[in-house]
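Student: Handing over my_file-v1.pdb, PDB, N, CA and C atoms.
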```
MODEL        1
ATOM      1  N   MET A   1     115.936  61.290 107.881
ATOM      2  CA  MET A   1     116.097  60.756 109.213
ATOM      3  C   MET A   1     117.509  61.041 109.697
ATOM      4  N   GLU A   2     117.599  61.453 110.920
ATOM      5  CA  GLU A   2     118.893  61.735 111.527
ATOM      6  C   GLU A   2     119.178  60.716 112.626
ATOM      7  N   LEU A   3     120.458  60.482 112.848
ATOM      8  CA  LEU A   3     120.852  59.491 113.857
ATOM      9  C   LEU A   3     120.290  59.830 115.233
ATOM     10  N   HIS A   4     120.314  61.111 115.592
ATOM     11  CA  HIS A   4     119.830  61.480 116.921
ATOM     12  C   HIS A   4     118.333  61.185 117.043
ATOM     13  N   GLN A   5     117.591  61.426 115.991
ATOM     14  CA  GLN A   5     116.158  61.136 116.030
ATOM     15  C   GLN A   5     115.915  59.640 116.204
ATOM     16  N   LEU A   6     116.702  58.831 115.507
ATOM     17  CA  LEU A   6     116.571  57.380 115.651
ATOM     18  C   LEU A   6     116.926  56.938 117.067
ATOM     19  N   ARG A   7     117.933  57.593 117.649
ATOM     20  CA  ARG A   7     118.318  57.267 119.028
ATOM     21  C   ARG A   7     117.179  57.601 119.992
ATOM     22  N   VAL A   8     116.501  58.724 119.755
ATOM     23  CA  VAL A   8     115.367  59.104 120.601
ATOM     24  C   VAL A   8     114.269  58.055 120.495
ATOM     25  N   LEU A   9     113.964  57.616 119.280
ATOM     26  CA  LEU A   9     112.932  56.595 119.095
ATOM     27  C   LEU A   9     113.329  55.288 119.775
ATOM     28  N   ARG A  10     114.581  54.898 119.643
ATOM     29  CA  ARG A  10     115.064  53.669 120.279
ATOM     30  C   ARG A  10     114.935  53.758 121.795
ATOM     31  N   GLU A  11     115.316  54.900 122.358
ATOM     32  CA  GLU A  11     115.204  55.076 123.816
ATOM     33  C   GLU A  11     113.754  55.016 124.261
ATOM     34  N   LEU A  12     112.861  55.608 123.490
ATOM     35  CA  LEU A  12     111.437  55.537 123.834
ATOM     36  C   LEU A  12     110.969  54.089 123.811
ATOM     37  N   ALA A  13     111.388  53.346 122.809
ATOM     38  CA  ALA A  13     110.992  51.934 122.717
ATOM     39  C   ALA A  13     111.540  51.132 123.895
ATOM     40  N   GLU A  14     112.790  51.384 124.266
ATOM     41  CA  GLU A  14     113.416  50.613 125.346
ATOM     42  C   GLU A  14     112.911  51.007 126.723
ATOM     43  N   ARG A  15     112.665  52.292 126.930
ATOM     44  CA  ARG A  15     112.330  52.769 128.276
ATOM     45  C   ARG A  15     110.835  52.926 128.519
ATOM     46  N   GLY A  16     110.051  53.039 127.454
ATOM     47  CA  GLY A  16     108.603  53.036 127.597
ATOM     48  C   GLY A  16     107.930  54.351 127.899
ATOM     49  N   SER A  17     108.687  55.417 128.134
ATOM     50  CA  SER A  17     108.047  56.709 128.380
ATOM     51  C   SER A  17     108.935  57.835 127.872
ATOM     52  N   VAL A  18     108.283  58.938 127.553
ATOM     53  CA  VAL A  18     109.010  60.116 127.064
ATOM     54  C   VAL A  18     109.946  60.635 128.149
ATOM     55  N   ARG A  19     109.461  60.667 129.385
ATOM     56  CA  ARG A  19     110.289  61.173 130.486
ATOM     57  C   ARG A  19     111.544  60.324 130.688
ATOM     58  N   ALA A  20     111.380  59.010 130.672
ATOM     59  CA  ALA A  20     112.532  58.117 130.852
ATOM     60  C   ALA A  20     113.515  58.245 129.691
ATOM     61  N   ALA A  21     112.999  58.371 128.474
ATOM     62  CA  ALA A  21     113.871  58.552 127.307
ATOM     63  C   ALA A  21     114.624  59.874 127.418
ATOM     64  N   ALA A  22     113.936  60.916 127.852
ATOM     65  CA  ALA A  22     114.572  62.224 128.007
ATOM     66  C   ALA A  22     115.685  62.174 129.044
ATOM     67  N   GLU A  23     115.427  61.517 130.157
ATOM     68  CA  GLU A  23     116.450  61.402 131.196
ATOM     69  C   GLU A  23     117.665  60.624 130.702
ATOM     70  N   ALA A  24     117.427  59.574 129.949
ATOM     71  CA  ALA A  24     118.534  58.757 129.437
ATOM     72  C   ALA A  24     119.383  59.532 128.439
ATOM     73  N   LEU A  25     118.748  60.436 127.699
ATOM     74  CA  LEU A  25     119.449  61.201 126.667
ATOM     75  C   LEU A  25     119.919  62.572 127.159
ATOM     76  N   TYR A  26     119.591  62.902 128.406
ATOM     77  CA  TYR A  26     119.949  64.204 128.990
ATOM     78  C   TYR A  26     119.368  65.364 128.191
ATOM     79  N   ILE A  27     118.097  65.203 127.787
ATOM     80  CA  ILE A  27     117.372  66.276 127.111
ATOM     81  C   ILE A  27     116.008  66.403 127.780
ATOM     82  N   THR A  28     115.247  67.394 127.391
ATOM     83  CA  THR A  28     113.934  67.599 127.991
ATOM     84  C   THR A  28     112.893  66.713 127.312
ATOM     85  N   PRO A  29     111.796  66.416 128.010
ATOM     86  CA  PRO A  29     110.711  65.674 127.363
ATOM     87  C   PRO A  29     110.177  66.403 126.128
ATOM     88  N   SER A  30     110.167  67.719 126.177
ATOM     89  CA  SER A  30     109.734  68.500 125.017
ATOM     90  C   SER A  30     110.642  68.247 123.815
ATOM     91  N   ALA A  31     111.938  68.159 124.054
ATOM     92  CA  ALA A  31     112.879  67.884 122.963
ATOM     93  C   ALA A  31     112.641  66.489 122.390
ATOM     94  N   VAL A  32     112.328  65.524 123.253
ATOM     95  CA  VAL A  32     112.009  64.176 122.779
ATOM     96  C   VAL A  32     110.808  64.242 121.840
ATOM     97  N   SER A  33     109.763  64.935 122.256
ATOM     98  CA  SER A  33     108.559  65.060 121.433
ATOM     99  C   SER A  33     108.864  65.733 120.103
ATOM    100  N   GLN A  34     109.688  66.763 120.124
ATOM    101  CA  GLN A  34     110.044  67.460 118.884
ATOM    102  C   GLN A  34     110.816  66.547 117.943
ATOM    103  N   HIS A  35     111.755  65.785 118.472
ATOM    104  CA  HIS A  35     112.517  64.850 117.634
ATOM    105  C   HIS A  35     111.587  63.792 117.027
ATOM    106  N   LEU A  36     110.663  63.298 117.823
ATOM    107  CA  LEU A  36     109.737  62.282 117.329
ATOM    108  C   LEU A  36     108.830  62.836 116.231
ATOM    109  N   LYS A  37     108.349  64.067 116.405
ATOM    110  CA  LYS A  37     107.505  64.684 115.373
ATOM    111  C   LYS A  37     108.277  64.864 114.075
ATOM    112  N   SER A  38     109.512  65.304 114.193
ATOM    113  CA  SER A  38     110.341  65.491 113.009
ATOM    114  C   SER A  38     110.616  64.155 112.323
ATOM    115  N   LEU A  39     110.880  63.130 113.098
ATOM    116  CA  LEU A  39     111.135  61.792 112.546
ATOM    117  C   LEU A  39     109.884  61.255 111.861
ATOM    118  N   GLN A  40     108.730  61.475 112.452
ATOM    119  CA  GLN A  40     107.472  61.043 111.823
ATOM    120  C   GLN A  40     107.265  61.720 110.486
ATOM    121  N   ARG A  41     107.584  63.022 110.421
ATOM    122  CA  ARG A  41     107.437  63.745 109.150
ATOM    123  C   ARG A  41     108.338  63.138 108.084
ATOM    124  N   SER A  42     109.574  62.845 108.442
ATOM    125  CA  SER A  42     110.499  62.303 107.451
ATOM    126  C   SER A  42     110.157  60.853 107.095
ATOM    127  N   ALA A  43     109.584  60.114 108.032
ATOM    128  CA  ALA A  43     109.192  58.733 107.757
ATOM    129  C   ALA A  43     107.914  58.679 106.924
ATOM    130  N   GLY A  44     107.084  59.700 107.045
ATOM    131  CA  GLY A  44     105.838  59.726 106.286
ATOM    132  C   GLY A  44     104.759  58.809 106.823
ATOM    133  N   ARG A  45     104.962  58.317 108.036
ATOM    134  CA  ARG A  45     103.996  57.423 108.681
ATOM    135  C   ARG A  45     103.954  57.729 110.164
ATOM    136  N   PRO A  46     102.825  57.472 110.802
ATOM    137  CA  PRO A  46     102.782  57.633 112.251
ATOM    138  C   PRO A  46     103.678  56.599 112.927
ATOM    139  N   LEU A  47     104.542  57.056 113.811
ATOM    140  CA  LEU A  47     105.445  56.167 114.534
ATOM    141  C   LEU A  47     104.999  55.967 115.973
ATOM    142  N   VAL A  48     104.221  56.922 116.476
ATOM    143  CA  VAL A  48     103.702  56.841 117.839
ATOM    144  C   VAL A  48     102.232  57.245 117.840
ATOM    145  N   THR A  49     101.504  56.732 118.815
ATOM    146  CA  THR A  49     100.118  57.140 119.033
ATOM    147  C   THR A  49      99.952  57.462 120.504
ATOM    148  N   HIS A  50      98.935  58.210 120.812
ATOM    149  CA  HIS A  50      98.642  58.557 122.201
ATOM    150  C   HIS A  50      97.662  57.544 122.786
ATOM    151  N   GLU A  51      98.015  57.018 123.928
ATOM    152  CA  GLU A  51      97.098  56.213 124.727
ATOM    153  C   GLU A  51      96.983  56.928 126.059
ATOM    154  N   GLY A  52      95.942  57.723 126.164
ATOM    155  CA  GLY A  52      95.837  58.591 127.339
ATOM    156  C   GLY A  52      96.929  59.640 127.253
ATOM    157  N   ARG A  53      97.753  59.699 128.277
ATOM    158  CA  ARG A  53      98.855  60.661 128.292
ATOM    159  C   ARG A  53     100.169  60.036 127.835
ATOM    160  N   ARG A  54     100.152  58.739 127.538
ATOM    161  CA  ARG A  54     101.368  58.031 127.124
ATOM    162  C   ARG A  54     101.491  57.986 125.615
ATOM    163  N   LEU A  55     102.738  57.958 125.149
ATOM    164  CA  LEU A  55     103.015  57.707 123.742
ATOM    165  C   LEU A  55     103.365  56.241 123.586
ATOM    166  N   VAL A  56     102.750  55.595 122.617
ATOM    167  CA  VAL A  56     102.977  54.183 122.351
ATOM    168  C   VAL A  56     103.418  54.045 120.899
ATOM    169  N   LEU A  57     104.415  53.196 120.664
ATOM    170  CA  LEU A  57     104.895  52.998 119.303
ATOM    171  C   LEU A  57     103.881  52.239 118.463
ATOM    172  N   THR A  58     103.730  52.669 117.217
ATOM    173  CA  THR A  58     102.926  51.928 116.249
ATOM    174  C   THR A  58     103.783  50.776 115.713
ATOM    175  N   ASP A  59     103.206  49.957 114.847
ATOM    176  CA  ASP A  59     103.984  48.882 114.226
ATOM    177  C   ASP A  59     105.172  49.461 113.458
ATOM    178  N   ALA A  60     104.924  50.561 112.729
ATOM    179  CA  ALA A  60     106.006  51.206 111.982
ATOM    180  C   ALA A  60     107.058  51.753 112.942
ATOM    181  N   GLY A  61     106.632  52.294 114.066
ATOM    182  CA  GLY A  61     107.563  52.813 115.070
ATOM    183  C   GLY A  61     108.422  51.713 115.671
ATOM    184  N   ARG A  62     107.811  50.570 115.965
ATOM    185  CA  ARG A  62     108.577  49.444 116.495
ATOM    186  C   ARG A  62     109.586  48.927 115.476
ATOM    187  N   ALA A  63     109.169  48.868 114.211
ATOM    188  CA  ALA A  63     110.075  48.408 113.151
ATOM    189  C   ALA A  63     111.248  49.367 112.990
ATOM    190  N   LEU A  64     110.961  50.663 113.019
ATOM    191  CA  LEU A  64     112.028  51.654 112.872
ATOM    192  C   LEU A  64     112.934  51.672 114.098
ATOM    193  N   ALA A  65     112.376  51.468 115.276
ATOM    194  CA  ALA A  65     113.194  51.411 116.496
ATOM    195  C   ALA A  65     114.141  50.213 116.443
ATOM    196  N   ALA A  66     113.666  49.080 115.935
ATOM    197  CA  ALA A  66     114.529  47.903 115.789
ATOM    198  C   ALA A  66     115.633  48.182 114.770
ATOM    199  N   ALA A  67     115.281  48.852 113.697
ATOM    200  CA  ALA A  67     116.285  49.204 112.689
ATOM    201  C   ALA A  67     117.281  50.212 113.254
ATOM    202  N   ALA A  68     116.827  51.076 114.152
ATOM    203  CA  ALA A  68     117.712  52.064 114.769
ATOM    204  C   ALA A  68     118.816  51.395 115.564
ATOM    205  N   VAL A  69     118.507  50.277 116.188
ATOM    206  CA  VAL A  69     119.524  49.522 116.928
ATOM    207  C   VAL A  69     120.608  49.058 115.965
ATOM    208  N   GLU A  70     120.199  48.535 114.813
ATOM    209  CA  GLU A  70     121.159  48.074 113.813
ATOM    210  C   GLU A  70     121.976  49.236 113.248
ATOM    211  N   VAL A  71     121.344  50.382 113.049
ATOM    212  CA  VAL A  71     122.051  51.560 112.543
ATOM    213  C   VAL A  71     123.120  51.994 113.547
ATOM    214  N   GLU A  72     122.765  52.033 114.823
ATOM    215  CA  GLU A  72     123.742  52.431 115.845
ATOM    216  C   GLU A  72     124.888  51.440 115.936
ATOM    217  N   GLU A  73     124.593  50.150 115.812
ATOM    218  CA  GLU A  73     125.660  49.144 115.830
ATOM    219  C   GLU A  73     126.589  49.328 114.631
ATOM    220  N   SER A  74     126.020  49.595 113.465
ATOM    221  CA  SER A  74     126.832  49.818 112.270
ATOM    222  C   SER A  74     127.690  51.073 112.408
ATOM    223  N   MET A  75     127.134  52.121 112.977
ATOM    224  CA  MET A  75     127.902  53.349 113.181
ATOM    225  C   MET A  75     129.040  53.118 114.174
ATOM    226  N   ALA A  76     128.809  52.324 115.190
ATOM    227  CA  ALA A  76     129.865  52.007 116.153
ATOM    228  C   ALA A  76     130.985  51.232 115.473
ATOM    229  N   LEU A  77     130.635  50.282 114.609
ATOM    230  CA  LEU A  77     131.646  49.537 113.862
ATOM    231  C   LEU A  77     132.453  50.475 112.963
ATOM    232  N   ALA A  78     131.777  51.407 112.314
ATOM    233  CA  ALA A  78     132.468  52.361 111.443
ATOM    234  C   ALA A  78     133.413  53.253 112.241
ATOM    235  N   ARG A  79     132.945  53.745 113.398
ATOM    236  CA  ARG A  79     133.812  54.576 114.243
ATOM    237  C   ARG A  79     135.031  53.793 114.708
ATOM    238  N   ASN A  80     134.824  52.535 115.079
ATOM    239  CA  ASN A  80     135.948  51.705 115.521
ATOM    240  C   ASN A  80     136.942  51.472 114.396
ATOM    241  N   ALA A  81     136.451  51.258 113.184
ATOM    242  CA  ALA A  81     137.348  51.052 112.039
ATOM    243  C   ALA A  81     138.179  52.300 111.778
ATOM    244  N   ILE A  82     137.558  53.448 111.872
ATOM    245  CA  ILE A  82     138.281  54.707 111.663
ATOM    246  C   ILE A  82     139.310  54.905 112.763
ATOM    247  N   GLN A  83     138.936  54.602 113.995
ATOM    248  CA  GLN A  83     139.856  54.748 115.119
ATOM    249  C   GLN A  83     141.053  53.821 114.975
ATOM    250  N   ARG A  84     140.797  52.571 114.600
ATOM    251  CA  ARG A  84     141.896  51.620 114.390
ATOM    252  C   ARG A  84     142.836  52.107 113.289
ATOM    253  N   ASP A  85     142.282  52.644 112.216
ATOM    254  CA  ASP A  85     143.109  53.148 111.126
ATOM    255  C   ASP A  85     143.947  54.334 111.584
ATOM    256  N   ALA A  86     143.361  55.199 112.400
ATOM    257  CA  ALA A  86     144.090  56.374 112.882
ATOM    258  C   ALA A  86     145.227  55.980 113.815
ATOM    259  N   GLU A  87     145.094  54.844 114.489
ATOM    260  CA  GLU A  87     146.117  54.403 115.444
ATOM    261  C   GLU A  87     147.238  53.599 114.797
ATOM    262  N   ARG A  88     147.067  53.249 113.527
ATOM    263  CA  ARG A  88     148.111  52.469 112.842
ATOM    264  C   ARG A  88     149.380  53.299 112.699
ATOM    265  N   VAL A  89     150.518  52.660 112.901
ATOM    266  CA  VAL A  89     151.801  53.361 112.785
ATOM    267  C   VAL A  89     152.667  52.774 111.681
ATOM    268  N   ASP A  90     152.162  51.799 110.951
ATOM    269  CA  ASP A  90     152.964  51.145 109.924
ATOM    270  C   ASP A  90     152.739  51.735 108.531
ATOM    271  N   ARG A  91     152.482  53.010 108.470
ATOM    272  CA  ARG A  91     152.240  53.667 107.194
ATOM    273  C   ARG A  91     153.552  54.075 106.542
ATOM    274  N   VAL A  92     153.543  54.134 105.232
ATOM    275  CA  VAL A  92     154.699  54.569 104.467
ATOM    276  C   VAL A  92     154.631  56.080 104.321
ATOM    277  N   VAL A  93     155.727  56.735 104.627
ATOM    278  CA  VAL A  93     155.794  58.175 104.496
ATOM    279  C   VAL A  93     156.796  58.490 103.391
ATOM    280  N   SER A  94     156.372  59.285 102.445
ATOM    281  CA  SER A  94     157.265  59.679 101.343
ATOM    282  C   SER A  94     157.580  61.154 101.479
ATOM    283  N   ILE A  95     158.827  61.490 101.203
ATOM    284  CA  ILE A  95     159.255  62.888 101.260
ATOM    285  C   ILE A  95     159.845  63.233  99.899
ATOM    286  N   ALA A  96     159.445  64.353  99.383
ATOM    287  CA  ALA A  96     159.975  64.824  98.111
ATOM    288  C   ALA A  96     160.528  66.228  98.279
ATOM    289  N   ALA A  97     161.580  66.507  97.565
ATOM    290  CA  ALA A  97     162.185  67.845  97.664
ATOM    291  C   ALA A  97     162.817  68.190  96.325
ATOM    292  N   PHE A  98     162.871  69.448  96.019
ATOM    293  CA  PHE A  98     163.590  69.901  94.831
ATOM    294  C   PHE A  98     165.079  69.758  95.103
ATOM    295  N   PRO A  99     165.880  69.466  94.070
ATOM    296  CA  PRO A  99     167.332  69.334  94.284
ATOM    297  C   PRO A  99     167.954  70.575  94.913
ATOM    298  N   SER A 100     167.426  71.768  94.595
ATOM    299  CA  SER A 100     168.000  72.984  95.173
ATOM    300  C   SER A 100     167.685  73.133  96.646
ATOM    301  N   ALA A 101     166.594  72.507  97.102
ATOM    302  CA  ALA A 101     166.206  72.602  98.507
ATOM    303  C   ALA A 101     166.862  71.480  99.307
ATOM    304  N   GLY A 102     167.243  70.405  98.619
ATOM    305  CA  GLY A 102     167.833  69.272  99.311
ATOM    306  C   GLY A 102     169.233  69.568  99.713
TER     307      GLY A 102
ENDMDL
END
```
Now that the file is in, can you turn its structure into structure tokens?
Tutor:
Amino acid sequence: MELHQLRVLRELAERGSVRAAAEALYITPSAVSQHLKSLQRSAGRPLVTHEGRRLVLTDAGRALAAAAVEVEESMALARNAIQRDAERVDRVVSIAAFPSAG
């Protein structure tokens, strides 16, 4: 499972249609379908079913979409921690030199 695939599933769950998810992600509806098919293969379970021309999440799809929200929140926390560490200026800097170079 890839983060982008989980994001596609989450958008489908939140917006209710492939077209709306595609617009929110700035990708084509075809790309949404491809990501969902790939995610289903890696999950090993059907995540969506067809109801007429609409895609509807299965129970497994809804569970994974809910987990995707938690994954994205955790990734945001990790990015923020890395950013805060990069902005720290109170680090110790050590310099070493050979006596002949000093």
Student: What lies within 12 Å of Ala63 (chain A) using only C-alpha atoms, ignoring chain neighbours under 4 positions off, as a list in words?
Tutor: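 Near neighbours after the sequence-gap exclusion: Leu6, Leu9, Arg10, Ala13, Ala43, Arg45, Pro46, Leu47, Val48, Leu57, Thr58, Asp59, Ala67, Ala68, Val69 and Glu70 of chain A.
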Student: Output N, CA and C atoms for every residue in the selection just made, as a PDB file, in the frame of the given file.
Tutor:
```
ATOM      1  N   LEU A   6     116.702  58.831 115.507  1.00  0.00           N
ATOM      2  CA  LEU A   6     116.571  57.380 115.651  1.00  0.00           C
ATOM      3  C   LEU A   6     116.926  56.938 117.067  1.00  0.00           C
ATOM      4  N   LEU A   9     113.964  57.616 119.280  1.00  0.00           N
ATOM      5  CA  LEU A   9     112.932  56.595 119.095  1.00  0.00           C
ATOM      6  C   LEU A   9     113.329  55.288 119.775  1.00  0.00           C
ATOM      7  N   ARG A  10     114.581  54.898 119.643  1.00  0.00           N
ATOM      8  CA  ARG A  10     115.064  53.669 120.279  1.00  0.00           C
ATOM      9  C   ARG A  10     114.935  53.758 121.795  1.00  0.00           C
ATOM     10  N   ALA A  13     111.388  53.346 122.809  1.00  0.00           N
ATOM     11  CA  ALA A  13     110.992  51.934 122.717  1.00  0.00           C
ATOM     12  C   ALA A  13     111.540  51.132 123.895  1.00  0.00           C
ATOM     13  N   ALA A  43     109.584  60.114 108.032  1.00  0.00           N
ATOM     14  CA  ALA A  43     109.192  58.733 107.757  1.00  0.00           C
ATOM     15  C   ALA A  43     107.914  58.679 106.924  1.00  0.00           C
ATOM     16  N   ARG A  45     104.962  58.317 108.036  1.00  0.00           N
ATOM     17  CA  ARG A  45     103.996  57.423 108.681  1.00  0.00           C
ATOM     18  C   ARG A  45     103.954  57.729 110.164  1.00  0.00           C
ATOM     19  N   PRO A  46     102.825  57.472 110.802  1.00  0.00           N
ATOM     20  CA  PRO A  46     102.782  57.633 112.251  1.00  0.00           C
ATOM     21  C   PRO A  46     103.678  56.599 112.927  1.00  0.00           C
ATOM     22  N   LEU A  47     104.542  57.056 113.811  1.00  0.00           N
ATOM     23  CA  LEU A  47     105.445  56.167 114.534  1.00  0.00           C
ATOM     24  C   LEU A  47     104.999  55.967 115.973  1.00  0.00           C
ATOM     25  N   VAL A  48     104.221  56.922 116.476  1.00  0.00           N
ATOM     26  CA  VAL A  48     103.702  56.841 117.839  1.00  0.00           C
ATOM     27  C   VAL A  48     102.232  57.245 117.840  1.00  0.00           C
ATOM     28  N   LEU A  57     104.415  53.196 120.664  1.00  0.00           N
ATOM     29  CA  LEU A  57     104.895  52.998 119.303  1.00  0.00           C
ATOM     30  C   LEU A  57     103.881  52.239 118.463  1.00  0.00           C
ATOM     31  N   THR A  58     103.730  52.669 117.217  1.00  0.00           N
ATOM     32  CA  THR A  58     102.926  51.928 116.249  1.00  0.00           C
ATOM     33  C   THR A  58     103.783  50.776 115.713  1.00  0.00           C
ATOM     34  N   ASP A  59     103.206  49.957 114.847  1.00  0.00           N
ATOM     35  CA  ASP A  59     103.984  48.882 114.226  1.00  0.00           C
ATOM     36  C   ASP A  59     105.172  49.461 113.458  1.00  0.00           C
ATOM     37  N   ALA A  67     115.281  48.852 113.697  1.00  0.00           N
ATOM     38  CA  ALA A  67     116.285  49.204 112.689  1.00  0.00           C
ATOM     39  C   ALA A  67     117.281  50.212 113.254  1.00  0.00           C
ATOM     40  N   ALA A  68     116.827  51.076 114.152  1.00  0.00           N
ATOM     41  CA  ALA A  68     117.712  52.064 114.769  1.00  0.00           C
ATOM     42  C   ALA A  68     118.816  51.395 115.564  1.00  0.00           C
ATOM     43  N   VAL A  69     118.507  50.277 116.188  1.00  0.00           N
ATOM     44  CA  VAL A  69     119.524  49.522 116.928  1.00  0.00           C
ATOM     45  C   VAL A  69     120.608  49.058 115.965  1.00  0.00           C
ATOM     46  N   GLU A  70     120.199  48.535 114.813  1.00  0.00           N
ATOM     47  CA  GLU A  70     121.159  48.074 113.813  1.00  0.00           C
ATOM     48  C   GLU A  70     121.976  49.236 113.248  1.00  0.00           C
TER      49      GLU A  70
END
```
Student: Would you mind telling me which residue in A:Thr28, A:Ser42, A:Ser17, A:Gln34 lies nearest to Glu2 (chain A) when using only C-alpha atoms?
Tutor: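 For Glu2 (chain A), the nearest of the candidates is A:Ser42.
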Student: Can you check which residues of chain A DSSP gives as strand (DSSP E or B) on the backbone and send them as a list in words?
Tutor: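 Output for chain A, strand (DSSP E or B) only: Val48, Thr49, His50, Glu51, Arg54, Leu55, Val56 and Leu57 of chain A.
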Student: How many Å separate atom N of Ile27 (chain A) from atom C of Val8 (chain A)?
Tutor: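 That distance, rounded to one decimal, is 10.9 Å.
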Student: Pick from A:Glu73, A:Ala65, A:His4, A:Val89: nearest to His35 (chain A), with all atoms listed in the file counted?
Tutor: A:His4
Student: State, in Å with one decimal place, the distance from atom N of Ala66 (chain A) to atom N of Leu3 (chain A).
Tutor: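 Here the two named atoms are 13.6 Å from each other.
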Student: Mind listing the alpha helix (DSSP H) residues of chain A, per DSSP on the backbone, as number ranges by chain?
Tutor: A: 3-15, 18-25, 29-43, 59-87
Student: At what distance in Å, to one decimal, does CA of Leu39 (chain A) lie from CA of Ile82 (chain A)?
Tutor: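 Result for CA of Ile82 (chain A) versus CA of Leu39 (chain A): 28.1 Å, one decimal.
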Student: Hey, could you patch up region 50-56 of chain A with all heavy atoms and hand it over as a CSV table (one decimal), keeping the file's coordinate frame?
Tutor:
```csv
chain,number,residue,atom,x,y,z
A,50,HIS,N,98.9,58.2,120.8
A,50,HIS,CA,98.6,58.6,122.2
A,50,HIS,C,97.7,57.5,122.8
A,50,HIS,O,96.6,57.2,122.2
A,50,HIS,CB,98.0,60.0,122.3
A,50,HIS,CG,99.0,61.0,122.0
A,50,HIS,ND1,99.8,61.6,122.9
A,50,HIS,CD2,99.2,61.7,120.8
A,50,HIS,CE1,100.6,62.5,122.4
A,50,HIS,NE2,100.2,62.6,121.1
A,51,GLU,N,98.0,57.0,123.9
A,51,GLU,CA,97.1,56.2,124.7
A,51,GLU,C,97.0,56.9,126.1
A,51,GLU,O,97.8,56.8,126.9
A,51,GLU,CB,97.6,54.8,124.9
A,51,GLU,CG,97.4,53.9,123.7
A,51,GLU,CD,97.8,52.4,124.0
A,51,GLU,OE1,98.1,52.1,125.2
A,51,GLU,OE2,97.8,51.7,123.1
A,52,GLY,N,95.9,57.7,126.2
A,52,GLY,CA,95.8,58.6,127.3
A,52,GLY,C,96.9,59.6,127.3
A,52,GLY,O,97.0,60.3,126.3
A,53,ARG,N,97.8,59.7,128.3
A,53,ARG,CA,98.9,60.7,128.3
A,53,ARG,C,100.2,60.0,127.8
A,53,ARG,O,101.2,60.7,127.8
A,53,ARG,CB,99.0,61.2,129.7
A,53,ARG,CG,97.8,62.0,130.1
A,53,ARG,CD,98.0,62.7,131.4
A,53,ARG,NE,99.2,63.6,131.3
A,53,ARG,CZ,99.6,64.4,132.2
A,53,ARG,NH1,99.0,64.5,133.3
A,53,ARG,NH2,100.6,65.2,132.0
A,54,ARG,N,100.2,58.7,127.5
A,54,ARG,CA,101.4,58.0,127.1
A,54,ARG,C,101.5,58.0,125.6
A,54,ARG,O,100.5,57.9,124.9
A,54,ARG,CB,101.3,56.6,127.6
A,54,ARG,CG,101.5,56.5,129.1
A,54,ARG,CD,101.7,55.1,129.6
A,54,ARG,NE,102.9,54.6,129.0
A,54,ARG,CZ,103.1,53.3,128.6
A,54,ARG,NH1,102.2,52.5,128.7
A,54,ARG,NH2,104.3,52.9,128.1
A,55,LEU,N,102.7,58.0,125.1
A,55,LEU,CA,103.0,57.7,123.7
A,55,LEU,C,103.4,56.2,123.6
A,55,LEU,O,104.2,55.7,124.3
A,55,LEU,CB,104.2,58.5,123.3
A,55,LEU,CG,103.9,60.0,122.9
A,55,LEU,CD1,105.2,60.6,122.4
A,55,LEU,CD2,102.8,60.1,121.9
A,56,VAL,N,102.8,55.6,122.6
A,56,VAL,CA,103.0,54.2,122.4
A,56,VAL,C,103.4,54.0,120.9
A,56,VAL,O,102.9,54.7,120.0
A,56,VAL,CB,101.7,53.4,122.6
A,56,VAL,CG1,101.9,51.9,122.3
A,56,VAL,CG2,101.2,53.6,124.0
```
